[in-house]
Amino acid sequence: MWLLGATINLLTMFGLIIVLVIIVDDAIVIGENIFRHVEEGMHPVKAAVIGAEEVMWPVTVAIATTIAAFAPLFFIKGQIGDFTRQLPLVVIAALTVSLIEALVILPAHLANIPSKEKQEERNRKKSKNAGLFFIAFHSFQKTQNYFMKQLFPGIYETFLRFCLKWRYVTVSFSIATLVIIWGFFEGGLVARVFVQEMDSETLSCSLEMPVGTTSINTKNRLTAINDFVLKTPEVTNVQMVISRQIDINGDGTFGSNDQSHLGQLIIELKPADERELNNGRSSFELLRIFREFSNNIPGINSVQWTAVNGAMGGRDVEIKVSGKRYEDIIAISNELKKELNGYEGVFDIDDNNDIGKRELQLKLLESARATGITVAKLGREVRWAMYGREARRLTRNREDVKIMVRYPEEFRKNIYNVESMWIPSDKPNGQRYWIPLKEIATLSETNSFTTIHRSQLERSISVMADVDETVASSYDILEKIRIAFDENIKKKYPGASIEFLGSAEEQAKAFGGLKIAFPVAILIVYMLLAGLFRSYTQPLVVMSAIPFGMQGAIIGHWLTDNPMTILSWIGMVALTGILVNDSLVLVDFINTKIREGLDYFEATVQGAKLRLRAILLTTITTVAGLTPMMFETSFQAKFLIPMAVTLTFGLVFATALTLIIVPAINMIYYDILAAIYGKDKNIFQEEIVDIVKPLASNELT
């Protein structure tokens, strides 16, 4: 981590949990294979060498496929990509080192285990002077051996033979189940959000009064909200900021806006765990109560309530409207706000087109050219009359004091006095004369712009809103807005365009990266498997477990009532490398049995039966390592639960299906080869042996 620039934080620790269970899985594959040879009567040293050699390439490729699945996560862009980039760093570093340990150090340790004869002799000696503890432990071992060596393998073999005989029905039924489960996701039974909303311990209230409001009036409105908030028992502290708004929900950069009509409250709540323990209200409930109160306060432009929880992406809805005509984009923004107001669960609808202070605009007439008065001269004379012109400076107490000449204060309060001004001009002979202002310029009263926003050199206005995800989905609302704009609004205002920013922009960046990461991961995994099996088709058998792992992930989110978030999809990419581990070792053992001369049906049954114990152990250890994360109640770690659900349920369902579906698909693969190369058993068997020819040179006999 130090070499790669990673720090010890919540995400790297989660990555370490993931990689630990993967490392244990690889150790189980090697250790179980060595122990199997010892149980068959082989000397431990020889068993360590042969057992490690048998699974050396499958384990190496298994670790390589896992690295290949995590590495493309570097392609994810945006804030979520910056956030999750440390996860593959930890996984890749740990797996690289673990490969050396699994292939060299672990077999050296297992070479010292007692042989089968010594173990039996030790048990006989202990049974002569057996105590109560030894008797109980020995009974437990016998029960364990009965389940793992007789009961489970027997039931599994019987069921597997049945499924292999009806392999086409088995695979068809599995595909149908996969389609149904995917319907859960597309049908909305499993919610999908970009980033899961979590209970917050800090709330922010951003108040905006009409432009020009004094700081005292802004403070009075904030004080009313402040007094109401302090009556809430869940609130511990409130900070009031007058004439300033601090951006604490932005993209990580600090920013503030200092104007007299702005104000802000920073509200600290009791810890989320404490509120949950004492049946207190969540931040979502408190926000609804505070909103209802602030909406009834008169004289306010807008009040925005937000939960400060470190969520990435900005506002739920942020639509930038741009076009050539400013009047058009104002009309479009008003229509969009009206459209958003019609959706349930949408609140805090606002835009950044704030009405500025009153101003007087002067436009010089064409007839004024003959007088010699220019726009600059007109503006200068009006400024001197209203603001003043410096006539002299005096030094007082080491400071300069300006003496300004301008209209009296009562004259400066009335627009009529501007209209009745006389502007001086010079005759060609150098004499000065005066011209009435209304004869050379037109006056119009309007409002100024507080800020001018542009997008691609065109004027723009942004419409913002927040969405209660328990009531509506921001994804569905944005899709409806897009359809409404294309079908109705765009026809009335040609040349105008909209752009989705905020959470939608970050979502597009993140999923755009995943669209690259997932195919790259699949391609790398396929290439590694093709090199192991020396076949372009058999890797597809191994990779058939991937869709069923995704099926398990969807079921897991449905059962645990967790939404599918961006971290769930990142977990899907990582799951592709983990899922193929058990499948490739299983298929490799089936190929080994074929090389030994077994019929391909029996080779499939015996190879799958040999890998049953190892596959069950790897799945149990992985699930045991990730399950506590799914039930984590810590405020800081809840956002990681969807990824833990994806990996845990994906592995559970994929393992159950790997033991049945992968052998069935492998048999169909053999059926296809038989159809291609004929029904002659010897020819077919030679072709299979040639395809699955091992890479290890000592096995090329």
# chains A, B, ... in the order shown; residues from 1 in each chain; ligands from 1

call {"tool": "residues_around", "arguments": {"residues": "His453 in chain A", "least_positions_apart": "6", "cutoff": "9 Å", "atoms": "only C-alpha atoms", "output": "ChimeraX atom specification"}}
result
/A:352-353,459-462

call {"tool": "residues_around", "arguments": {"residues": "Ile267 in chain A", "least_positions_apart": "5", "cutoff": "6 Å", "atoms": "only C-alpha atoms", "output": "list in words"}}
result
Thr202, Leu203, Asn237 and Val238 of chain A

call {"tool": "residues_around", "arguments": {"residues": "Val587 in chain A", "least_positions_apart": "4", "cutoff": "10 Å", "atoms": "only C-alpha atoms", "output": "list in words"}}
result
Pro58, Phe533, Gln538, Pro539, Val541, Val542, Asp582, Ser583, Asn591, Thr592, Lys593, Thr604, Gly607, Ala608, Arg611, Val662, Pro663, Asn666 and Val692 of chain A

call {"tool": "residues_around", "arguments": {"residues": "Ala307 in chain A", "least_positions_apart": "4", "cutoff": "10 Å", "atoms": "only C-alpha atoms", "output": "list in words"}}
result
Glu197, Met198, Asp199, Ser200, Glu201, Thr202, Leu203, Ser204, Cys205, Asn249, Ile267, Ser283, Phe284, Leu287 and Ala311 of chain A

call {"tool": "write_last_selection", "arguments": {"atoms": "all heavy atoms", "output": "compact mmCIF listing (two decimals), in the first residue's frame"}}
result
# COMPACT_ATOMS: atom_id res chain seq x y z
N GLU A 197 -28.86 6.35 -0.26
CA GLU A 197 -29.02 7.37 0.76
C GLU A 197 -28.87 6.75 2.14
O GLU A 197 -29.39 5.68 2.41
CB GLU A 197 -30.39 8.04 0.64
CG GLU A 197 -30.53 8.94 -0.58
CD GLU A 197 -31.81 9.75 -0.54
OE1 GLU A 197 -32.61 9.54 0.40
OE2 GLU A 197 -32.01 10.58 -1.43
N MET A 198 -28.15 7.45 3.00
CA MET A 198 -27.90 6.95 4.34
C MET A 198 -28.26 8.02 5.36
O MET A 198 -28.27 9.21 5.05
CB MET A 198 -26.43 6.55 4.50
CG MET A 198 -26.00 5.40 3.61
SD MET A 198 -24.24 5.09 3.75
CE MET A 198 -23.57 6.61 3.07
N ASP A 199 -28.54 7.57 6.57
CA ASP A 199 -28.84 8.50 7.65
C ASP A 199 -27.63 9.40 7.87
O ASP A 199 -26.49 8.95 7.86
CB ASP A 199 -29.18 7.72 8.92
CG ASP A 199 -29.89 8.58 9.93
OD1 ASP A 199 -30.09 9.78 9.66
OD2 ASP A 199 -30.26 8.06 11.00
N SER A 200 -27.90 10.67 8.06
CA SER A 200 -26.83 11.65 8.19
C SER A 200 -26.79 12.20 9.60
O SER A 200 -27.79 12.17 10.33
CB SER A 200 -27.02 12.79 7.19
OG SER A 200 -26.05 13.78 7.36
N GLU A 201 -25.65 12.71 9.99
CA GLU A 201 -25.48 13.33 11.30
C GLU A 201 -25.31 14.84 11.20
O GLU A 201 -25.14 15.51 12.22
CB GLU A 201 -24.28 12.71 12.03
CG GLU A 201 -24.47 11.23 12.31
CD GLU A 201 -23.28 10.60 13.00
OE1 GLU A 201 -22.27 11.31 13.17
OE2 GLU A 201 -23.36 9.42 13.37
N THR A 202 -25.33 15.37 9.99
CA THR A 202 -25.21 16.81 9.77
C THR A 202 -26.20 17.23 8.69
O THR A 202 -26.28 16.60 7.64
CB THR A 202 -23.78 17.20 9.33
OG1 THR A 202 -22.84 16.73 10.29
CG2 THR A 202 -23.65 18.71 9.20
N LEU A 203 -26.94 18.30 8.96
CA LEU A 203 -27.89 18.85 8.01
C LEU A 203 -27.47 20.28 7.67
O LEU A 203 -26.85 20.97 8.48
CB LEU A 203 -29.31 18.85 8.57
CG LEU A 203 -29.88 17.51 9.07
CD1 LEU A 203 -31.29 17.70 9.61
CD2 LEU A 203 -29.85 16.47 7.98
N SER A 204 -27.86 20.69 6.48
CA SER A 204 -27.55 22.04 6.03
C SER A 204 -28.83 22.71 5.54
O SER A 204 -29.60 22.11 4.79
CB SER A 204 -26.51 22.02 4.91
OG SER A 204 -26.38 23.28 4.30
N CYS A 205 -29.04 23.96 5.96
CA CYS A 205 -30.18 24.76 5.51
C CYS A 205 -29.63 26.00 4.83
O CYS A 205 -28.98 26.83 5.47
CB CYS A 205 -31.06 25.14 6.69
SG CYS A 205 -32.35 26.35 6.29
N ASN A 249 -21.58 20.60 0.00
CA ASN A 249 -22.10 19.42 -0.69
C ASN A 249 -21.62 19.38 -2.12
O ASN A 249 -22.23 18.75 -2.97
CB ASN A 249 -23.63 19.40 -0.67
CG ASN A 249 -24.18 18.81 0.61
OD1 ASN A 249 -23.73 17.76 1.04
ND2 ASN A 249 -25.10 19.52 1.23
N ILE A 267 -26.52 22.18 11.01
CA ILE A 267 -27.20 21.53 12.12
C ILE A 267 -26.52 20.20 12.42
O ILE A 267 -26.40 19.34 11.52
CB ILE A 267 -28.70 21.30 11.79
CG1 ILE A 267 -29.35 22.64 11.42
CG2 ILE A 267 -29.42 20.64 12.94
CD1 ILE A 267 -30.67 22.48 10.73
N SER A 283 -32.52 11.31 9.89
CA SER A 283 -32.31 12.61 9.24
C SER A 283 -33.36 12.86 8.15
O SER A 283 -33.73 14.01 7.90
CB SER A 283 -30.90 12.67 8.64
OG SER A 283 -30.71 11.65 7.69
N PHE A 284 -33.87 11.80 7.49
CA PHE A 284 -34.88 11.96 6.46
C PHE A 284 -36.19 12.49 7.07
O PHE A 284 -36.83 13.39 6.51
CB PHE A 284 -35.14 10.63 5.75
CG PHE A 284 -33.90 9.94 5.28
CD1 PHE A 284 -33.50 8.74 5.83
CD2 PHE A 284 -33.11 10.51 4.30
CE1 PHE A 284 -32.35 8.11 5.39
CE2 PHE A 284 -31.96 9.89 3.86
CZ PHE A 284 -31.58 8.68 4.41
N LEU A 287 -35.70 16.15 8.07
CA LEU A 287 -35.70 17.04 6.91
C LEU A 287 -37.12 17.34 6.46
O LEU A 287 -37.43 18.49 6.08
CB LEU A 287 -34.90 16.41 5.77
CG LEU A 287 -33.38 16.47 5.89
CD1 LEU A 287 -32.73 15.69 4.76
CD2 LEU A 287 -32.88 17.91 5.87
N ALA A 311 -22.17 11.99 0.16
CA ALA A 311 -22.64 11.41 -1.10
C ALA A 311 -22.00 12.13 -2.28
O ALA A 311 -21.72 13.32 -2.23
CB ALA A 311 -24.16 11.50 -1.19

call {"tool": "residues_around", "arguments": {"residues": "range 158-171 of chain A", "least_positions_apart": "2", "cutoff": "9 Å", "atoms": "only C-alpha atoms", "output": "VMD selection string"}}
result
chain A and resid 153 to 156 173 to 176 601 604 to 605 608 659 to 661 663 to 665 667 to 668

call {"tool": "write_last_selection", "arguments": {"atoms": "N, CA, C and O atoms", "output": "mmCIF file, in the first residue's frame"}}
result
data_model
loop_
_atom_site.group_PDB
_atom_site.id
_atom_site.type_symbol
_atom_site.label_atom_id
_atom_site.label_comp_id
_atom_site.auth_asym_id
_atom_site.auth_seq_id
_atom_site.Cartn_x
_atom_site.Cartn_y
_atom_site.Cartn_z
ATOM 1 N N PRO A 153 -21.263 -36.439 -0.716
ATOM 2 C CA PRO A 153 -20.853 -36.909 -2.052
ATOM 3 C C PRO A 153 -21.842 -37.887 -2.670
ATOM 4 O O PRO A 153 -22.069 -37.858 -3.886
ATOM 5 N N GLY A 154 -22.448 -38.749 -1.838
ATOM 6 C CA GLY A 154 -23.410 -39.707 -2.379
ATOM 7 C C GLY A 154 -24.652 -39.024 -2.917
ATOM 8 O O GLY A 154 -25.131 -39.333 -4.022
ATOM 9 N N ILE A 155 -25.211 -38.098 -2.129
ATOM 10 C CA ILE A 155 -26.395 -37.363 -2.582
ATOM 11 C C ILE A 155 -26.066 -36.543 -3.827
ATOM 12 O O ILE A 155 -26.841 -36.501 -4.796
ATOM 13 N N TYR A 156 -24.907 -35.881 -3.778
ATOM 14 C CA TYR A 156 -24.513 -35.037 -4.907
ATOM 15 C C TYR A 156 -24.313 -35.861 -6.174
ATOM 16 O O TYR A 156 -24.759 -35.456 -7.266
ATOM 17 N N PHE A 173 -33.842 -25.026 -17.950
ATOM 18 C CA PHE A 173 -34.509 -24.563 -16.730
ATOM 19 C C PHE A 173 -33.692 -23.464 -16.052
ATOM 20 O O PHE A 173 -34.246 -22.473 -15.551
ATOM 21 N N SER A 174 -32.367 -23.601 -16.046
ATOM 22 C CA SER A 174 -31.505 -22.594 -15.421
ATOM 23 C C SER A 174 -31.564 -21.273 -16.174
ATOM 24 O O SER A 174 -31.604 -20.200 -15.562
ATOM 25 N N ILE A 175 -31.573 -21.352 -17.499
ATOM 26 C CA ILE A 175 -31.662 -20.124 -18.299
ATOM 27 C C ILE A 175 -33.006 -19.441 -18.076
ATOM 28 O O ILE A 175 -33.086 -18.206 -17.974
ATOM 29 N N ALA A 176 -34.071 -20.231 -17.986
ATOM 30 C CA ALA A 176 -35.400 -19.655 -17.727
ATOM 31 C C ALA A 176 -35.427 -18.958 -16.365
ATOM 32 O O ALA A 176 -35.999 -17.871 -16.219
ATOM 33 N N PHE A 601 -18.691 -39.098 -19.638
ATOM 34 C CA PHE A 601 -19.767 -38.970 -18.651
ATOM 35 C C PHE A 601 -19.249 -39.275 -17.255
ATOM 36 O O PHE A 601 -19.475 -38.504 -16.306
ATOM 37 N N THR A 604 -16.859 -36.615 -15.999
ATOM 38 C CA THR A 604 -17.552 -35.434 -15.480
ATOM 39 C C THR A 604 -18.061 -35.680 -14.070
ATOM 40 O O THR A 604 -17.917 -34.824 -13.183
ATOM 41 N N VAL A 605 -18.645 -36.848 -13.834
ATOM 42 C CA VAL A 605 -19.177 -37.163 -12.502
ATOM 43 C C VAL A 605 -18.059 -37.256 -11.482
ATOM 44 O O VAL A 605 -18.114 -36.647 -10.405
ATOM 45 N N ALA A 608 -16.242 -33.790 -10.854
ATOM 46 C CA ALA A 608 -17.058 -32.894 -10.038
ATOM 47 C C ALA A 608 -17.152 -33.388 -8.601
ATOM 48 O O ALA A 608 -17.135 -32.585 -7.658
ATOM 49 N N LEU A 659 -21.825 -26.480 -9.343
ATOM 50 C CA LEU A 659 -21.760 -27.923 -9.111
ATOM 51 C C LEU A 659 -22.716 -28.700 -10.014
ATOM 52 O O LEU A 659 -22.562 -29.913 -10.167
ATOM 53 N N ILE A 660 -23.693 -28.015 -10.599
ATOM 54 C CA ILE A 660 -24.676 -28.693 -11.450
ATOM 55 C C ILE A 660 -24.609 -28.190 -12.888
ATOM 56 O O ILE A 660 -24.477 -28.967 -13.842
ATOM 57 N N ILE A 661 -24.705 -26.870 -13.071
ATOM 58 C CA ILE A 661 -24.834 -26.305 -14.408
ATOM 59 C C ILE A 661 -23.540 -26.432 -15.202
ATOM 60 O O ILE A 661 -23.558 -26.770 -16.399
ATOM 61 N N PRO A 663 -21.017 -28.708 -14.982
ATOM 62 C CA PRO A 663 -20.878 -30.055 -15.558
ATOM 63 C C PRO A 663 -21.877 -30.340 -16.682
ATOM 64 O O PRO A 663 -21.527 -31.003 -17.669
ATOM 65 N N ALA A 664 -23.120 -29.826 -16.535
ATOM 66 C CA ALA A 664 -24.117 -30.063 -17.584
ATOM 67 C C ALA A 664 -23.720 -29.354 -18.876
ATOM 68 O O ALA A 664 -23.817 -29.929 -19.974
ATOM 69 N N ILE A 665 -23.279 -28.110 -18.768
ATOM 70 C CA ILE A 665 -22.836 -27.384 -19.963
ATOM 71 C C ILE A 665 -21.593 -28.040 -20.547
ATOM 72 O O ILE A 665 -21.419 -28.105 -21.778
ATOM 73 N N MET A 667 -20.942 -31.205 -20.490
ATOM 74 C CA MET A 667 -21.416 -32.379 -21.216
ATOM 75 C C MET A 667 -21.998 -31.978 -22.574
ATOM 76 O O MET A 667 -21.790 -32.670 -23.586
ATOM 77 N N ILE A 668 -22.729 -30.868 -22.610
ATOM 78 C CA ILE A 668 -23.253 -30.384 -23.888
ATOM 79 C C ILE A 668 -22.100 -30.004 -24.815
ATOM 80 O O ILE A 668 -22.149 -30.232 -26.033
#

call {"tool": "residues_around", "arguments": {"residues": "Asp348 in chain A", "least_positions_apart": "2", "cutoff": "7 Å", "atoms": "only C-alpha atoms", "output": "VMD selection string"}}
result
chain A and resid 304 350 465 to 466

call {"tool": "write_last_selection", "arguments": {"atoms": "C-alpha atoms", "output": "mmCIF file, in the first residue's frame"}}
result
data_model
loop_
_atom_site.group_PDB
_atom_site.id
_atom_site.type_symbol
_atom_site.label_atom_id
_atom_site.label_comp_id
_atom_site.auth_asym_id
_atom_site.auth_seq_id
_atom_site.Cartn_x
_atom_site.Cartn_y
_atom_site.Cartn_z
ATOM 1 C CA GLN A 304 -32.761 24.210 0.466
ATOM 2 C CA ASP A 350 -35.055 25.983 -7.827
ATOM 3 C CA ALA A 465 -34.299 19.692 -7.453
ATOM 4 C CA ASP A 466 -33.942 16.886 -4.923
#

call {"tool": "residues_around", "arguments": {"residues": "Ile113 in chain A", "least_positions_apart": "6", "cutoff": "10 Å", "atoms": "only C-alpha atoms", "output": "ChimeraX atom specification"}}
result
/A:35,38,43-45,48,119

call {"tool": "closest_residue", "arguments": {"among": "A:Ala27, A:Ala496, A:Ala624, A:Met550", "to": "Val179 in chain A", "atoms": "only C-alpha atoms"}}
result
A:Met550

call {"tool": "closest_atom_pairs", "arguments": {"of": "range 267-362 of chain A", "to": "range 414-425 of chain A", "cutoff": "12 Å", "atoms": "only C-alpha atoms", "output": "CSV"}}
result
residue,atom,partner,partner_atom,distance
A:Arg358,CA,A:Ile415,CA,11.4
A:Glu359,CA,A:Ile415,CA,10.2
A:Leu360,CA,A:Ile415,CA,8.3
A:Gln361,CA,A:Val418,CA,11.2
A:Leu362,CA,A:Glu419,CA,10.1

call {"tool": "closest_residue", "arguments": {"among": "A:Trp434, A:Phe228, A:Phe347, A:Phe653", "to": "Arg315 in chain A", "atoms": "only C-alpha atoms"}}
result
A:Phe347
